[in-house]
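Asks: First, the structure itself, so that you have it in front of you.
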Amino acid sequence: MSSICPGCGGRYPDMDGPHHAYMISSSGCWHAYGLILAHEYADKVLFDAVHRLSVDTFALQHPGDPNDRRANQSVFLHYISLYLIFDKNLPHPMATRALKTLSRIPMPQRPIAPGNYDHTVSDIDLTSAQSHMESVMLWARSTFEAWTILRPSADSIIAKSEL
Ligand SMILES: [Zn+2]
């Protein structure tokens, strides 16, 4: 048996188990994401290449309850991280540092989530480090584009924060 994840819309095997406190997903999706992270933690080259993107992309695809302050904050922060990496060519550790600064700023109310993505956790190919990197890149890029409605807010938040 399988079911659709309420966050990313991907299909995953049914299972009992935990999921994140406010990034609402099915347990099957959360489990599949855990496998991605395990591969990244086990391989420093892979970690440095895509771990930042995996974390940001999973968060954006699982925006949770818009009335939950942490969930709302998370959507903006993780979008801004991808924005800094993809559009401003910031190295990943600098994006992580920027998020620490920005996390203290209250974010506006987020718009309605896209809810439909070209790539999800279920498309990450863990067969090799190379396929893992390539599939995370596609997942991250397409998710960043799906959330393009956040771009004007990201611009003004970055401008105000003096990053
Ligand atoms: Zn999901």
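Ordering of the structure tokens sets the chain letters (A, B, ...); residue numbers start at 1 within each chain; ligands are numbered from 1 in the order shown.
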Could you list the protein, DNA and RNA residues that have any atom within 12 Å of ligand 1, counting only C-alpha atoms and all ligand atoms, and write them as JSON, numbers by chain?

Replies: {"A": [3, 4, 5, 6, 7, 8, 9, 10, 11, 12, 13, 19, 20, 23, 24, 25, 26, 27, 28, 29, 30, 31, 32, 33, 34, 57, 58, 59, 60, 61, 62, 63, 64, 115, 116, 117, 119, 120, 121, 122, 123]}

Asks: Just asking: which residues within chain A are strand (DSSP E) according to DSSP, as a list in words?

Replies: Ser2, Ser3, Ile4, Arg11, Tyr12 and Pro13 of chain A

Asks: Determine, counting only C-alpha atoms, which protein, DNA and RNA residues have an atom within 10 Å of an atom of range 40-42 of chain A; residues of the same chain fewer than 3 positions away are not included. Present the result as a PDB file with C-alpha atoms, in the first residue's frame.

Replies:
```pdb
ATOM      1  CA  GLY A  34      15.959  10.253   6.294  1.00  0.00           C
ATOM      2  CA  LEU A  35      17.702   7.880   3.857  1.00  0.00           C
ATOM      3  CA  ILE A  36      18.849  10.836   1.736  1.00  0.00           C
ATOM      4  CA  LEU A  37      20.294  12.534   4.828  1.00  0.00           C
ATOM      5  CA  VAL A  45      31.962  15.242  -0.670  1.00  0.00           C
ATOM      6  CA  LEU A  46      28.269  14.523  -1.121  1.00  0.00           C
ATOM      7  CA  PHE A  47      27.440  16.450   2.057  1.00  0.00           C
ATOM      8  CA  ASP A  48      29.339  19.532   0.911  1.00  0.00           C
ATOM      9  CA  ALA A  49      27.844  19.344  -2.575  1.00  0.00           C
ATOM     10  CA  VAL A  50      24.137  19.006  -1.811  1.00  0.00           C
ATOM     11  CA  HIS A  51      23.197  18.723   1.869  1.00  0.00           C
ATOM     12  CA  SER A  54      18.340  18.831   0.393  1.00  0.00           C
ATOM     13  CA  ALA A 129      26.929   9.718  -5.133  1.00  0.00           C
ATOM     14  CA  HIS A 132      22.306  11.458  -5.729  1.00  0.00           C
ATOM     15  CA  MET A 133      23.884  14.858  -6.509  1.00  0.00           C
TER      16      MET A 133
END
```

Asks: Kindly provide the residues of range 9-77 of chain A that approach range 96-108 of chain A to within 9 Å, each paired with its closest atom pair and their distance in Å to one decimal, based on only C-alpha atoms, listed by chain and increasing number, as a Markdown table.

Replies:
```
| residue | atom | partner | partner_atom | distance |
| --- | --- | --- | --- | --- |
| A:Arg52 | CA | A:Thr96 | CA | 7.7 |
| A:Arg69 | CA | A:Met107 | CA | 8.8 |
| A:Asn72 | CA | A:Met107 | CA | 7.5 |
| A:Gln73 | CA | A:Met107 | CA | 5.8 |
| A:Ser74 | CA | A:Ser103 | CA | 8.5 |
| A:Phe76 | CA | A:Met107 | CA | 7.0 |
| A:Leu77 | CA | A:Leu99 | CA | 6.2 |
```

Asks: Taking into account only C-alpha atoms, which residue in the set A:Gln109, A:Ser81, A:Ile124, A:Asp43 is nearest to Asp155 in chain A?

Replies: A:Ser81

Asks: Determine, counting only C-alpha atoms, which protein, DNA and RNA residues have an atom within 12 Å of an atom of Trp147 in chain A; residues of the same chain fewer than 3 positions away are not included. Present the result as number ranges by chain.

Replies: A: 57, 59-61, 63, 75-76, 78-80, 82-83, 110-117, 140-144, 150-154

Asks: Under the rule that only C-alpha atoms are counted, which of A:Tyr22, A:Leu90, A:Ile149, A:Asp14 is the nearest residue to Pro66 in chain A?

Replies: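 That would be A:Tyr22, the residue with the smallest distance to Pro66 in chain A.
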